[in-house]
file data30.csv (CSV, N, CA and C atoms and all ligand atoms)
chain,number,residue,atom,x,y,z
V,1,MET,N,-8.3,22.6,-64.7
V,1,MET,CA,-9.0,22.7,-63.5
V,1,MET,C,-8.3,23.7,-62.5
V,2,GLU,N,-9.1,24.5,-61.9
V,2,GLU,CA,-8.5,25.5,-60.9
V,2,GLU,C,-7.9,24.7,-59.8
V,3,GLU,N,-6.8,25.3,-59.2
V,3,GLU,CA,-6.1,24.7,-58.1
V,3,GLU,C,-7.0,24.7,-56.8
V,4,ASN,N,-7.7,25.7,-56.6
V,4,ASN,CA,-8.5,25.8,-55.4
V,4,ASN,C,-9.9,26.2,-55.7
V,5,PRO,N,-10.7,25.3,-56.4
V,5,PRO,CA,-12.0,25.7,-56.8
V,5,PRO,C,-13.0,25.8,-55.6
V,6,ILE,N,-14.0,26.6,-55.9
V,6,ILE,CA,-15.1,26.7,-55.0
V,6,ILE,C,-15.9,25.4,-55.1
V,7,VAL,N,-16.0,24.7,-54.0
V,7,VAL,CA,-16.8,23.4,-54.0
V,7,VAL,C,-18.2,23.7,-53.7
V,8,CYS,N,-18.5,24.5,-52.8
V,8,CYS,CA,-19.9,24.9,-52.4
V,8,CYS,C,-20.2,26.3,-52.9
V,9,ASP,N,-20.9,26.4,-54.0
V,9,ASP,CA,-21.3,27.7,-54.6
V,9,ASP,C,-22.2,28.5,-53.6
V,10,CYS,N,-23.2,27.8,-53.1
V,10,CYS,CA,-24.2,28.4,-52.2
V,10,CYS,C,-23.5,29.2,-51.1
V,11,ASN,N,-22.5,28.6,-50.5
V,11,ASN,CA,-21.9,29.3,-49.3
V,11,ASN,C,-20.5,29.7,-49.6
V,12,GLU,N,-20.1,29.6,-50.8
V,12,GLU,CA,-18.7,30.0,-51.3
V,12,GLU,C,-17.6,29.4,-50.4
V,13,VAL,N,-17.6,28.1,-50.4
V,13,VAL,CA,-16.6,27.4,-49.6
V,13,VAL,C,-15.6,26.7,-50.6
V,14,CYS,N,-14.3,27.1,-50.5
V,14,CYS,CA,-13.4,26.5,-51.4
V,14,CYS,C,-12.8,25.2,-50.9
V,15,LYS,N,-12.2,24.5,-51.9
V,15,LYS,CA,-11.7,23.1,-51.6
V,15,LYS,C,-10.6,23.1,-50.5
V,16,SER,N,-9.7,24.1,-50.6
V,16,SER,CA,-8.6,24.0,-49.6
V,16,SER,C,-9.1,24.2,-48.2
V,17,LEU,N,-10.1,25.0,-48.0
V,17,LEU,CA,-10.6,25.2,-46.6
V,17,LEU,C,-11.3,24.0,-46.1
V,18,ILE,N,-12.0,23.3,-47.0
V,18,ILE,CA,-12.7,22.0,-46.6
V,18,ILE,C,-11.6,21.0,-46.2
V,19,ILE,N,-10.6,20.9,-47.1
V,19,ILE,CA,-9.5,19.9,-46.8
V,19,ILE,C,-8.9,20.2,-45.4
V,20,GLU,N,-8.6,21.5,-45.2
V,20,GLU,CA,-7.9,22.0,-44.0
V,20,GLU,C,-8.8,21.6,-42.7
V,21,ARG,N,-10.1,21.9,-42.9
V,21,ARG,CA,-11.0,21.6,-41.7
V,21,ARG,C,-11.2,20.2,-41.4
V,22,ILE,N,-11.3,19.4,-42.5
V,22,ILE,CA,-11.5,17.9,-42.3
V,22,ILE,C,-10.2,17.4,-41.6
V,23,THR,N,-9.1,17.9,-42.0
V,23,THR,CA,-7.8,17.4,-41.5
V,23,THR,C,-7.7,17.8,-40.0
V,24,ASP,N,-7.9,19.1,-39.8
V,24,ASP,CA,-7.7,19.7,-38.4
V,24,ASP,C,-8.6,19.0,-37.4
V,25,LYS,N,-9.9,18.8,-37.8
V,25,LYS,CA,-10.9,18.4,-36.8
V,25,LYS,C,-11.3,16.9,-37.0
V,26,LYS,N,-10.5,16.2,-37.9
V,26,LYS,CA,-10.8,14.8,-38.2
V,26,LYS,C,-12.3,14.5,-38.5
V,27,LEU,N,-12.8,15.3,-39.4
V,27,LEU,CA,-14.2,15.2,-39.8
V,27,LEU,C,-14.4,13.9,-40.6
V,28,THR,N,-15.5,13.3,-40.5
V,28,THR,CA,-15.7,12.0,-41.3
V,28,THR,C,-17.0,12.1,-42.1
V,29,THR,N,-17.9,13.1,-41.9
V,29,THR,CA,-19.2,13.1,-42.6
V,29,THR,C,-19.4,14.4,-43.2
V,30,VAL,N,-20.3,14.4,-44.3
V,30,VAL,CA,-20.7,15.6,-45.0
V,30,VAL,C,-21.5,16.5,-44.0
V,31,TYR,N,-22.2,15.9,-43.1
V,31,TYR,CA,-22.9,16.6,-42.1
V,31,TYR,C,-22.0,17.4,-41.2
V,32,GLN,N,-20.9,16.8,-40.8
V,32,GLN,CA,-20.0,17.6,-39.9
V,32,GLN,C,-19.3,18.7,-40.7
V,33,VAL,N,-19.0,18.5,-42.0
V,33,VAL,CA,-18.5,19.6,-42.8
V,33,VAL,C,-19.5,20.7,-42.9
V,34,GLY,N,-20.7,20.4,-42.9
V,34,GLY,CA,-21.8,21.4,-43.0
V,34,GLY,C,-21.9,22.2,-41.7
V,35,ILE,N,-21.7,21.6,-40.6
V,35,ILE,CA,-21.7,22.3,-39.3
V,35,ILE,C,-20.5,23.2,-39.2
V,36,GLU,N,-19.4,22.7,-39.6
V,36,GLU,CA,-18.1,23.5,-39.5
V,36,GLU,C,-18.1,24.7,-40.5
V,37,LEU,N,-18.5,24.5,-41.7
V,37,LEU,CA,-18.3,25.5,-42.8
V,37,LEU,C,-19.5,25.9,-43.5
V,38,LYS,N,-20.6,25.3,-43.2
V,38,LYS,CA,-21.9,25.6,-43.9
V,38,LYS,C,-21.9,24.9,-45.3
V,39,ALA,N,-20.8,24.4,-45.7
V,39,ALA,CA,-20.7,23.8,-47.1
V,39,ALA,C,-21.7,22.6,-47.1
V,40,GLY,N,-22.5,22.6,-48.2
V,40,GLY,CA,-23.4,21.5,-48.4
V,40,GLY,C,-24.8,21.7,-47.7
V,41,THR,N,-24.9,22.9,-47.1
V,41,THR,CA,-26.2,23.1,-46.4
V,41,THR,C,-27.2,24.0,-47.1
V,42,GLY,N,-26.8,24.4,-48.4
V,42,GLY,CA,-27.8,25.1,-49.2
V,42,GLY,C,-28.6,24.2,-50.1
V,43,CYS,N,-28.3,24.2,-51.4
V,43,CYS,CA,-29.0,23.4,-52.3
V,43,CYS,C,-28.7,21.9,-52.2
V,44,GLY,N,-27.6,21.6,-51.6
V,44,GLY,CA,-27.1,20.2,-51.4
V,44,GLY,C,-26.4,19.6,-52.6
V,45,GLY,N,-26.3,20.4,-53.7
V,45,GLY,CA,-25.7,19.9,-54.9
V,45,GLY,C,-24.2,19.6,-54.8
V,46,CYS,N,-23.6,20.1,-53.8
V,46,CYS,CA,-22.1,19.9,-53.7
V,46,CYS,C,-21.8,18.7,-52.7
V,47,GLN,N,-22.8,18.1,-52.2
V,47,GLN,CA,-22.6,17.1,-51.1
V,47,GLN,C,-21.8,15.9,-51.6
V,48,THR,N,-22.0,15.5,-52.9
V,48,THR,CA,-21.2,14.4,-53.5
V,48,THR,C,-19.8,14.8,-53.6
V,49,ASP,N,-19.5,16.1,-53.9
V,49,ASP,CA,-18.1,16.5,-54.0
V,49,ASP,C,-17.5,16.5,-52.6
V,50,ILE,N,-18.2,17.0,-51.6
V,50,ILE,CA,-17.7,17.0,-50.3
V,50,ILE,C,-17.4,15.5,-49.8
V,51,GLN,N,-18.3,14.6,-50.2
V,51,GLN,CA,-18.1,13.2,-49.8
V,51,GLN,C,-16.8,12.7,-50.5
V,52,ASN,N,-16.6,13.1,-51.8
V,52,ASN,CA,-15.4,12.6,-52.5
V,52,ASN,C,-14.2,13.1,-51.8
V,53,ILE,N,-14.2,14.4,-51.3
V,53,ILE,CA,-13.0,14.9,-50.6
V,53,ILE,C,-12.8,14.1,-49.3
V,54,LEU,N,-13.9,13.8,-48.6
V,54,LEU,CA,-13.8,13.1,-47.4
V,54,LEU,C,-13.2,11.7,-47.7
V,55,ASP,N,-13.7,11.0,-48.7
V,55,ASP,CA,-13.2,9.7,-49.1
V,55,ASP,C,-11.7,9.7,-49.4
V,56,GLU,N,-11.3,10.8,-50.1
V,56,GLU,CA,-9.9,10.9,-50.5
V,56,GLU,C,-9.0,11.0,-49.3
V,57,LEU,N,-9.5,11.8,-48.3
V,57,LEU,CA,-8.6,12.1,-47.1
V,57,LEU,C,-8.7,11.0,-46.1
V,58,ASN,N,-9.8,10.4,-46.0
V,58,ASN,CA,-10.0,9.4,-44.9
V,58,ASN,C,-10.0,7.9,-45.3
V,59,ASN,N,-10.2,7.7,-46.6
V,59,ASN,CA,-10.4,6.3,-47.1
V,59,ASN,C,-10.1,5.2,-46.1
N,101,LIG,S1,-23.5,24.3,-53.7
N,101,LIG,FE1,-23.1,23.6,-51.7
N,101,LIG,S2,-25.1,23.6,-50.8
N,101,LIG,FE2,-25.5,24.4,-52.8
call {"tool": "encode", "arguments": {"input": "data30.csv", "output": "structure tokens", "more": "lines below"}}
Ligand code: FES
result
Amino acid sequence: MEENPIVCDCNEVCKSLIIERITDKKLTTVYQVGIELKAGTGCGGCQTDIQNILDELNN
């Protein structure tokens, strides 16, 4: 597996950027990540992956 994969193909948002933004701004929802980075706002197919990242960081 790539170290820094693209999580959201629609908007080309990589995993490290999502992690950084969740941490910096203390985001707790997929919706908030969408507002910040547009990740998850296209086809929606990556929303589960974004949720998993949120769960890992915030659990
Ligand atoms: S892959 Fe993220 S919204 Fe489509």
call {"tool": "residues_near_ligand", "arguments": {"input": "data30.csv", "ligand": "ligand LIG 101 (chain N)", "cutoff": "8 Å", "atoms": "all atoms listed in the file", "output": "PyMOL selection string"}}
result
chain V and resi 6-13+38-47
call {"tool": "select_by_dssp", "arguments": {"input": "data30.csv", "residues": "chain V", "states": "strand (DSSP E or B)", "output": "NGL selection string"}}
result
:V and (6-8 or 13-14)
call {"tool": "atom_distance", "arguments": {"input": "data30.csv", "atom1": "CA of Ile22 in chain V", "atom2": "atom N of Thr48 in chain V"}}
result
15.1 Å
call {"tool": "atom_distance", "arguments": {"input": "data30.csv", "atom1": "atom C of Asn4 in chain V", "atom2": "atom N of Ser16 in chain V"}}
result
5.5 Å
call {"tool": "select_by_dssp", "arguments": {"input": "data30.csv", "residues": "range 1-31 of chain V", "states": "alpha helix (DSSP H)", "output": "list in words"}}
result
Lys15, Ser16, Leu17, Ile18, Ile19, Glu20, Arg21, Ile22, Thr23, Asp24, Lys25, Val30 and Tyr31 of chain V
call {"tool": "atom_distance", "arguments": {"input": "data30.csv", "atom1": "CA of Thr23 in chain V", "atom2": "atom C of Asn59 in chain V"}}
result
13.2 Å
call {"tool": "decode", "arguments": {"input": "data30.csv", "residues": "range 3-59 of chain V", "atoms": "C-alpha atoms", "output": "compact mmCIF listing (two decimals), in the first residue's frame"}}
result
# COMPACT_ATOMS: atom_id res chain seq x y z
CA GLU V 3 2.32 5.60 2.10
CA ASN V 4 0.24 8.60 1.16
CA PRO V 5 -2.59 7.38 -1.04
CA ILE V 6 -5.20 9.58 -2.62
CA VAL V 7 -8.31 9.03 -0.51
CA CYS V 8 -10.67 11.16 -2.59
CA ASP V 9 -10.15 10.59 -6.29
CA CYS V 10 -12.84 13.08 -7.31
CA ASN V 11 -11.04 15.99 -5.69
CA GLU V 12 -7.53 14.51 -5.48
CA VAL V 13 -7.17 14.75 -1.74
CA CYS V 14 -4.44 12.62 -0.20
CA LYS V 15 -4.51 10.89 3.15
CA SER V 16 -1.79 12.98 4.80
CA LEU V 17 -3.62 16.23 4.07
CA ILE V 18 -6.84 14.84 5.53
CA ILE V 19 -5.03 13.71 8.67
CA GLU V 20 -3.29 17.06 9.00
CA ARG V 21 -6.52 19.03 8.67
CA ILE V 22 -8.50 16.82 11.04
CA THR V 23 -5.77 17.23 13.62
CA ASP V 24 -5.25 20.98 13.13
CA LYS V 25 -8.91 21.92 13.18
CA LYS V 26 -10.16 19.12 15.44
CA LEU V 27 -12.67 17.95 12.83
CA THR V 28 -15.12 15.27 13.87
CA THR V 29 -17.35 14.63 10.86
CA VAL V 30 -17.08 13.69 7.19
CA TYR V 31 -19.13 16.80 6.46
CA GLN V 32 -16.54 19.05 8.07
CA VAL V 33 -13.75 17.39 6.11
CA GLY V 34 -15.77 18.12 2.98
CA ILE V 35 -16.05 21.80 3.86
CA GLU V 36 -12.33 22.04 4.55
CA LEU V 37 -10.90 20.02 1.68
CA LYS V 38 -13.79 19.14 -0.64
CA ALA V 39 -12.93 15.49 0.06
CA GLY V 40 -16.08 13.39 -0.06
CA THR V 41 -18.13 16.01 -1.90
CA GLY V 42 -18.02 14.40 -5.35
CA CYS V 43 -19.31 10.87 -5.88
CA GLY V 44 -19.29 10.20 -2.15
CA GLY V 45 -17.48 6.91 -2.60
CA CYS V 46 -14.62 7.88 -0.30
CA GLN V 47 -16.78 8.93 2.63
CA THR V 48 -16.36 5.60 4.38
CA ASP V 49 -12.59 5.95 4.09
CA ILE V 50 -12.76 9.48 5.49
CA GLN V 51 -14.92 8.22 8.35
CA ASN V 52 -12.36 5.50 9.07
CA ILE V 53 -9.59 8.10 9.25
CA LEU V 54 -11.73 10.21 11.60
CA ASP V 55 -12.38 7.15 13.78
CA GLU V 56 -8.68 6.32 13.93
CA LEU V 57 -7.74 9.84 14.99
CA ASN V 58 -10.64 10.69 17.28
CA ASN V 59 -11.92 7.33 18.57
